[in-house]
Amino acid sequence: MNKRTSKDQILQSKFEELEKKNDESLLGGGENRIEQQHKKGKLTARERVHLLLDEGSFEELGKFVMHRCKDFGLEKEYYLGDGVVTGYGTVNGRLVYIFSQDFTVFGGSLSETHAEKIVKIMELAMQNGAPLIGLNDSGGARIQEGVLSLGGYADIFYRNTLASGVIPQISAIMGPCAGGAVYSPAITDFIFMVEQTSFMFVTGPNVVKTVTHENVTAEELGGALAHSTKSGVTHFACANEVECIKQIKTLLSYIPQNCEDDAPPLSYASNEDELRPALNDIIPANPNQPYDMRDVISEVVDAGSFFEVHKNFAENIVVGFARLGGRSIGVVGNQPASLAGVLDIHSSVKGARFVRFCDCFNIPLLVLEDVPGFLPGTDQEWNAIITNGAKLLFAFSEATVPRVTVITRKAYGGAYDVMNSKHIGADLNYAWPSAEIAVMGAKGAAEIIFKKEISEAANPSEKLNEKVDEYTRKFANPYRAAHRGYIDEVIYPDETRQKLIRAFKMLENKVAKLPRKKHGNIPL
């Protein structure tokens, strides 16, 4: 920091006092604790901020705030900033607001004043319409402050809820995040975690052992791997903090500043050859053979632009951001390479959450459909596949952003309706010639429709095959739906990209309004 000088001796002493306090605030909990933080493979709160923001853009607020607690010896221990660094700056030239918890100060625990600093930043973010990024590294509520710290958490939760759908909210878990601390990230739009050094749980391993007698490590209970694969709590699991911050920057490039804004477009020069011949051979001849929907996505969107969300959770559906002709879109695709692409509880919730985010922030939706239906079984029924499947149906039905669907192969039963069909408000619906739009698969349908005829036949097996062929000719194609207008056009696979570029260009000024109401009651 540049030293200031004054010819006036009194003023000079005041400058020196300010310089001393600035230097003190930069040290957080002191050099020893900073060293301990580094030994754990973790960056300090300030190092994270400077890594995330554009060079020289950070403006810190509340640098000299101190706690007010006089109990349990805390009146003898003060640190400037009180365990959280707050302020604003830019990422790739775009305004963001940020708070970064400092584990070197009381373990990053949340006090009354710590919470007030975060709330102030949240309110500025909402008032000025810019994303809020929280870098969480905290042992939880500051026990010495009792209900004051609990009240501070509730103040933050309340603002998270008010900000939801108004500005993008991103949480990065850079260390422990336990107890009430987990609910603020849970309300935000996206959660990032760092493998081996970050944890999220309502109750830690010791409490779990006491109550349920389970022996489990912090990593097994609430580490990045557990939450990115088992619970789906976190959207991104990163190898280290540098990678985590890099991923946050990438995410920001796809999303707008606020709900009134559009995502920033990139310049795009078309060479007028948007055909993708590889798509003509992507669907296997055997309708039961899998393929990777990511291969379709990579051919359709701008080269290298697909940024997958929730990659390791509910892998039977693929969601993420991409660019099409330089413009940001959200992609939702069934994944035939996992569970044949069926919809189940986890994939329905994963898809619904992503669709609602895109709708909140004016990001058009592309749906690539190959779905054989909903997953049957007692586990699914008893764990409410009906309610959870309805979440995806509700999310698509409520979305007013431009919505385009491409049916690549199967579109069976209620899952056809749910996956952004014309009937629930999709703007344009395309199908490849390989599309099969029916109530169910040909074999199952034939066994039901022609049950008596098959059972009475001299050769039931031969009769079944005959009826399967008959049903396939009649229904396992896109033309019946196209005759009804449910499919706008049956297209060659290689022309999918050019059709989508033109479709989203046509829809960019779409205006759609929902009936007047306070809000819908999504089946939670």
# chains A, B, ... in the order shown; residues from 1 in each chain; ligands from 1

call {"tool": "residues_around", "arguments": {"residues": "A:Val468", "least_positions_apart": "2", "cutoff": "10 Å", "atoms": "only C-alpha atoms", "output": "JSON, numbers by chain"}}
result
{"A": [441, 442, 443, 444, 445, 446, 447, 450, 462, 463, 464, 465, 466, 470, 471, 472, 473, 474]}

call {"tool": "write_last_selection", "arguments": {"atoms": "N, CA and C atoms", "output": "CSV table (one decimal), in the first residue's frame"}}
result
chain,number,residue,atom,x,y,z
A,441,GLY,N,-43.2,-48.7,-25.5
A,441,GLY,CA,-42.5,-49.4,-26.5
A,441,GLY,C,-43.3,-50.4,-27.2
A,442,ALA,N,-42.9,-50.7,-28.4
A,442,ALA,CA,-43.8,-51.5,-29.3
A,442,ALA,C,-44.1,-52.9,-28.8
A,443,LYS,N,-43.1,-53.5,-28.1
A,443,LYS,CA,-43.3,-54.9,-27.6
A,443,LYS,C,-44.4,-54.9,-26.5
A,444,GLY,N,-44.2,-54.0,-25.6
A,444,GLY,CA,-45.1,-53.9,-24.4
A,444,GLY,C,-46.5,-53.5,-24.9
A,445,ALA,N,-46.6,-52.6,-25.9
A,445,ALA,CA,-47.9,-52.2,-26.4
A,445,ALA,C,-48.6,-53.3,-27.1
A,446,ALA,N,-47.8,-54.1,-27.9
A,446,ALA,CA,-48.4,-55.2,-28.7
A,446,ALA,C,-48.9,-56.3,-27.7
A,447,GLU,N,-48.2,-56.5,-26.7
A,447,GLU,CA,-48.6,-57.6,-25.7
A,447,GLU,C,-49.9,-57.2,-25.0
A,450,PHE,N,-52.9,-56.7,-28.3
A,450,PHE,CA,-53.2,-57.9,-29.0
A,450,PHE,C,-53.1,-59.2,-28.1
A,462,GLU,N,-44.4,-66.0,-32.9
A,462,GLU,CA,-44.4,-65.4,-34.3
A,462,GLU,C,-45.5,-64.3,-34.4
A,463,LYS,N,-46.7,-64.6,-33.8
A,463,LYS,CA,-47.8,-63.6,-33.8
A,463,LYS,C,-47.4,-62.3,-33.1
A,464,LEU,N,-46.7,-62.5,-32.0
A,464,LEU,CA,-46.2,-61.3,-31.2
A,464,LEU,C,-45.3,-60.5,-32.1
A,465,ASN,N,-44.3,-61.1,-32.7
A,465,ASN,CA,-43.4,-60.4,-33.6
A,465,ASN,C,-44.1,-59.7,-34.7
A,466,GLU,N,-45.1,-60.3,-35.2
A,466,GLU,CA,-45.9,-59.7,-36.3
A,466,GLU,C,-46.6,-58.4,-35.8
A,470,GLU,N,-46.3,-54.4,-36.6
A,470,GLU,CA,-47.4,-53.6,-37.0
A,470,GLU,C,-47.5,-52.3,-36.2
A,471,TYR,N,-47.3,-52.5,-34.8
A,471,TYR,CA,-47.3,-51.3,-33.9
A,471,TYR,C,-46.2,-50.3,-34.3
A,472,THR,N,-45.0,-50.9,-34.6
A,472,THR,CA,-43.9,-50.1,-34.9
A,472,THR,C,-44.1,-49.2,-36.1
A,473,ARG,N,-44.7,-49.9,-37.2
A,473,ARG,CA,-45.0,-49.1,-38.4
A,473,ARG,C,-46.0,-48.0,-38.1
A,474,LYS,N,-46.9,-48.2,-37.2
A,474,LYS,CA,-48.0,-47.2,-37.0
A,474,LYS,C,-47.5,-46.1,-36.1

call {"tool": "select_by_dssp", "arguments": {"residues": "stretch 258-422 of chain A", "states": "strand (DSSP E or B)", "output": "ChimeraX atom specification"}}
result
/A:307-309,317-324,327-334,343,365-371,374,403-412

call {"tool": "closest_residue", "arguments": {"among": "A:Val233, A:Leu252, A:Ile386, A:Ile282", "to": "A:Gly93", "atoms": "only C-alpha atoms"}}
result
A:Leu252

call {"tool": "residues_around", "arguments": {"residues": "A:Asn160", "least_positions_apart": "6", "cutoff": "7 Å", "atoms": "only C-alpha atoms", "output": "PyMOL selection string"}}
result
chain A and resi 184+187-188

call {"tool": "write_last_selection", "arguments": {"atoms": "C-alpha atoms", "output": "mmCIF file, in the first residue's frame"}}
result
data_model
loop_
_atom_site.group_PDB
_atom_site.id
_atom_site.type_symbol
_atom_site.label_atom_id
_atom_site.label_comp_id
_atom_site.auth_asym_id
_atom_site.auth_seq_id
_atom_site.Cartn_x
_atom_site.Cartn_y
_atom_site.Cartn_z
ATOM 1 C CA SER A 184 -27.496 -20.180 3.072
ATOM 2 C CA ILE A 187 -30.811 -21.498 -0.997
ATOM 3 C CA THR A 188 -28.338 -20.097 -3.516
#

call {"tool": "residues_around", "arguments": {"residues": "A:Leu279", "least_positions_apart": "5", "cutoff": "8 Å", "atoms": "only C-alpha atoms", "output": "list in words"}}
result
Val296, Glu299, Pro493 and Asp494 of chain A

call {"tool": "atom_distance", "arguments": {"atom1": "atom CA of A:Lys70", "atom2": "atom CA of A:Glu16"}}
result
29.0 Å

call {"tool": "closest_residue", "arguments": {"among": "A:Glu453, A:Asp155, A:Glu195, A:Asp359", "to": "A:Ala512", "atoms": "only C-alpha atoms"}}
result
A:Asp359

call {"tool": "residues_around", "arguments": {"residues": "A:Ile385", "least_positions_apart": "4", "cutoff": "7 Å", "atoms": "only C-alpha atoms", "output": "PyMOL selection string"}}
result
chain A and resi 344-345+380-381+389

call {"tool": "closest_atom_pairs", "arguments": {"of": "stretch 235-337 of chain A", "to": "stretch 361-365 of chain A", "cutoff": "8 Å", "atoms": "only C-alpha atoms", "output": "tab-separated table"}}
result
residue	atom	partner	partner_atom	distance
A:Ile255	CA	A:Phe361	CA	7.3
A:Pro256	CA	A:Phe361	CA	6.6
A:Asn258	CA	A:Phe361	CA	6.6
A:Cys259	CA	A:Phe361	CA	4.8
A:Glu260	CA	A:Phe361	CA	7.5
A:Asp261	CA	A:Phe361	CA	7.4
A:Asp262	CA	A:Asn362	CA	6.1
A:Ala263	CA	A:Ile363	CA	7.2
A:Ser328	CA	A:Ile363	CA	6.6
A:Ile329	CA	A:Pro364	CA	5.0
A:Gly330	CA	A:Leu365	CA	4.8
A:Val331	CA	A:Leu365	CA	5.9
A:Val332	CA	A:Leu365	CA	7.5

call {"tool": "closest_residue", "arguments": {"among": "A:Cys244, A:Leu251, A:Pro376, A:Val367", "to": "A:Val418", "atoms": "only C-alpha atoms"}}
result
A:Val367

call {"tool": "atom_distance", "arguments": {"atom1": "atom CA of A:Gly56", "atom2": "atom CA of A:Gly83"}}
result
22.0 Å

call {"tool": "residues_around", "arguments": {"residues": "A:Gln289", "least_positions_apart": "3", "cutoff": "9 Å", "atoms": "only C-alpha atoms", "output": "list in words"}}
result
Ile283, Pro284, Ala285, Asn286, Pro336, Ala337 and Ala340 of chain A

call {"tool": "write_last_selection", "arguments": {"atoms": "C-alpha atoms", "output": "PDB file, in the first residue's frame"}}
result
ATOM      1  CA  ILE A 283     -28.386 -43.072 -33.419  1.00  0.00           C
ATOM      2  CA  PRO A 284     -27.699 -46.857 -33.310  1.00  0.00           C
ATOM      3  CA  ALA A 285     -29.690 -49.138 -35.595  1.00  0.00           C
ATOM      4  CA  ASN A 286     -30.792 -51.146 -32.557  1.00  0.00           C
ATOM      5  CA  PRO A 336     -29.379 -43.051 -23.006  1.00  0.00           C
ATOM      6  CA  ALA A 337     -25.933 -44.117 -21.772  1.00  0.00           C
ATOM      7  CA  ALA A 340     -31.440 -45.845 -20.791  1.00  0.00           C
TER       8      ALA A 340
END

call {"tool": "select_by_dssp", "arguments": {"residues": "stretch 244-326 of chain A", "states": "alpha helix (DSSP H)", "output": "VMD selection string"}}
result
chain A and resid 244 to 254 293 to 300

call {"tool": "residues_around", "arguments": {"residues": "stretch 239-243 of chain A", "least_positions_apart": "3", "cutoff": "12 Å", "atoms": "only C-alpha atoms", "output": "PyMOL selection string"}}
result
chain A and resi 38+40-45+47-52+135-137+172-175+192-198+224-225+236+246-250

call {"tool": "closest_residue", "arguments": {"among": "A:Gly326, A:Gly151, A:Gly232, A:Gly304", "to": "A:Ser270", "atoms": "only C-alpha atoms"}}
result
A:Gly326

call {"tool": "decode", "arguments": {"residues": "stretch 472-518 of chain A", "atoms": "C-alpha atoms", "output": "PDB file, in the first residue's frame"}}
result
ATOM      1  CA  THR A 472     -43.864 -50.088 -34.877  1.00  0.00           C
ATOM      2  CA  ARG A 473     -44.991 -49.105 -38.381  1.00  0.00           C
ATOM      3  CA  LYS A 474     -47.965 -47.221 -37.004  1.00  0.00           C
ATOM      4  CA  PHE A 475     -46.532 -45.499 -33.946  1.00  0.00           C
ATOM      5  CA  ALA A 476     -42.741 -45.829 -33.626  1.00  0.00           C
ATOM      6  CA  ASN A 477     -42.148 -42.823 -35.847  1.00  0.00           C
ATOM      7  CA  PRO A 478     -42.584 -39.045 -35.618  1.00  0.00           C
ATOM      8  CA  TYR A 479     -45.227 -38.676 -38.311  1.00  0.00           C
ATOM      9  CA  ARG A 480     -48.436 -39.222 -36.356  1.00  0.00           C
ATOM     10  CA  ALA A 481     -47.377 -36.442 -33.995  1.00  0.00           C
ATOM     11  CA  ALA A 482     -46.367 -34.289 -36.976  1.00  0.00           C
ATOM     12  CA  HIS A 483     -49.762 -34.853 -38.619  1.00  0.00           C
ATOM     13  CA  ARG A 484     -51.371 -33.454 -35.474  1.00  0.00           C
ATOM     14  CA  GLY A 485     -49.017 -30.476 -35.313  1.00  0.00           C
ATOM     15  CA  TYR A 486     -47.379 -31.659 -32.085  1.00  0.00           C
ATOM     16  CA  ILE A 487     -44.110 -31.803 -34.018  1.00  0.00           C
ATOM     17  CA  ASP A 488     -43.399 -28.665 -36.041  1.00  0.00           C
ATOM     18  CA  GLU A 489     -40.933 -30.314 -38.400  1.00  0.00           C
ATOM     19  CA  VAL A 490     -39.237 -33.660 -38.926  1.00  0.00           C
ATOM     20  CA  ILE A 491     -35.635 -32.760 -39.732  1.00  0.00           C
ATOM     21  CA  TYR A 492     -32.485 -34.468 -40.894  1.00  0.00           C
ATOM     22  CA  PRO A 493     -30.089 -34.842 -37.951  1.00  0.00           C
ATOM     23  CA  ASP A 494     -27.260 -33.028 -39.739  1.00  0.00           C
ATOM     24  CA  GLU A 495     -29.333 -29.838 -40.068  1.00  0.00           C
ATOM     25  CA  THR A 496     -30.209 -29.667 -36.358  1.00  0.00           C
ATOM     26  CA  ARG A 497     -27.685 -26.961 -35.525  1.00  0.00           C
ATOM     27  CA  GLN A 498     -28.740 -24.565 -38.273  1.00  0.00           C
ATOM     28  CA  LYS A 499     -32.418 -25.104 -37.450  1.00  0.00           C
ATOM     29  CA  LEU A 500     -31.757 -24.294 -33.775  1.00  0.00           C
ATOM     30  CA  ILE A 501     -29.713 -21.169 -34.521  1.00  0.00           C
ATOM     31  CA  ARG A 502     -32.553 -19.830 -36.657  1.00  0.00           C
ATOM     32  CA  ALA A 503     -35.215 -20.906 -34.166  1.00  0.00           C
ATOM     33  CA  PHE A 504     -33.636 -19.167 -31.172  1.00  0.00           C
ATOM     34  CA  LYS A 505     -32.940 -16.085 -33.313  1.00  0.00           C
ATOM     35  CA  MET A 506     -36.622 -15.985 -34.250  1.00  0.00           C
ATOM     36  CA  LEU A 507     -37.667 -16.402 -30.590  1.00  0.00           C
ATOM     37  CA  GLU A 508     -35.281 -13.845 -29.058  1.00  0.00           C
ATOM     38  CA  ASN A 509     -38.057 -11.246 -28.610  1.00  0.00           C
ATOM     39  CA  LYS A 510     -40.607 -13.730 -27.267  1.00  0.00           C
ATOM     40  CA  VAL A 511     -43.083 -12.268 -24.753  1.00  0.00           C
ATOM     41  CA  ALA A 512     -45.110 -14.664 -22.593  1.00  0.00           C
ATOM     42  CA  LYS A 513     -46.905 -13.915 -19.360  1.00  0.00           C
ATOM     43  CA  LEU A 514     -48.244 -16.233 -16.692  1.00  0.00           C
ATOM     44  CA  PRO A 515     -51.684 -15.649 -15.108  1.00  0.00           C
ATOM     45  CA  ARG A 516     -51.632 -12.996 -12.399  1.00  0.00           C
ATOM     46  CA  LYS A 517     -50.779 -14.584  -9.047  1.00  0.00           C
ATOM     47  CA  LYS A 518     -48.453 -14.272  -6.092  1.00  0.00           C
TER      48      LYS A 518
END
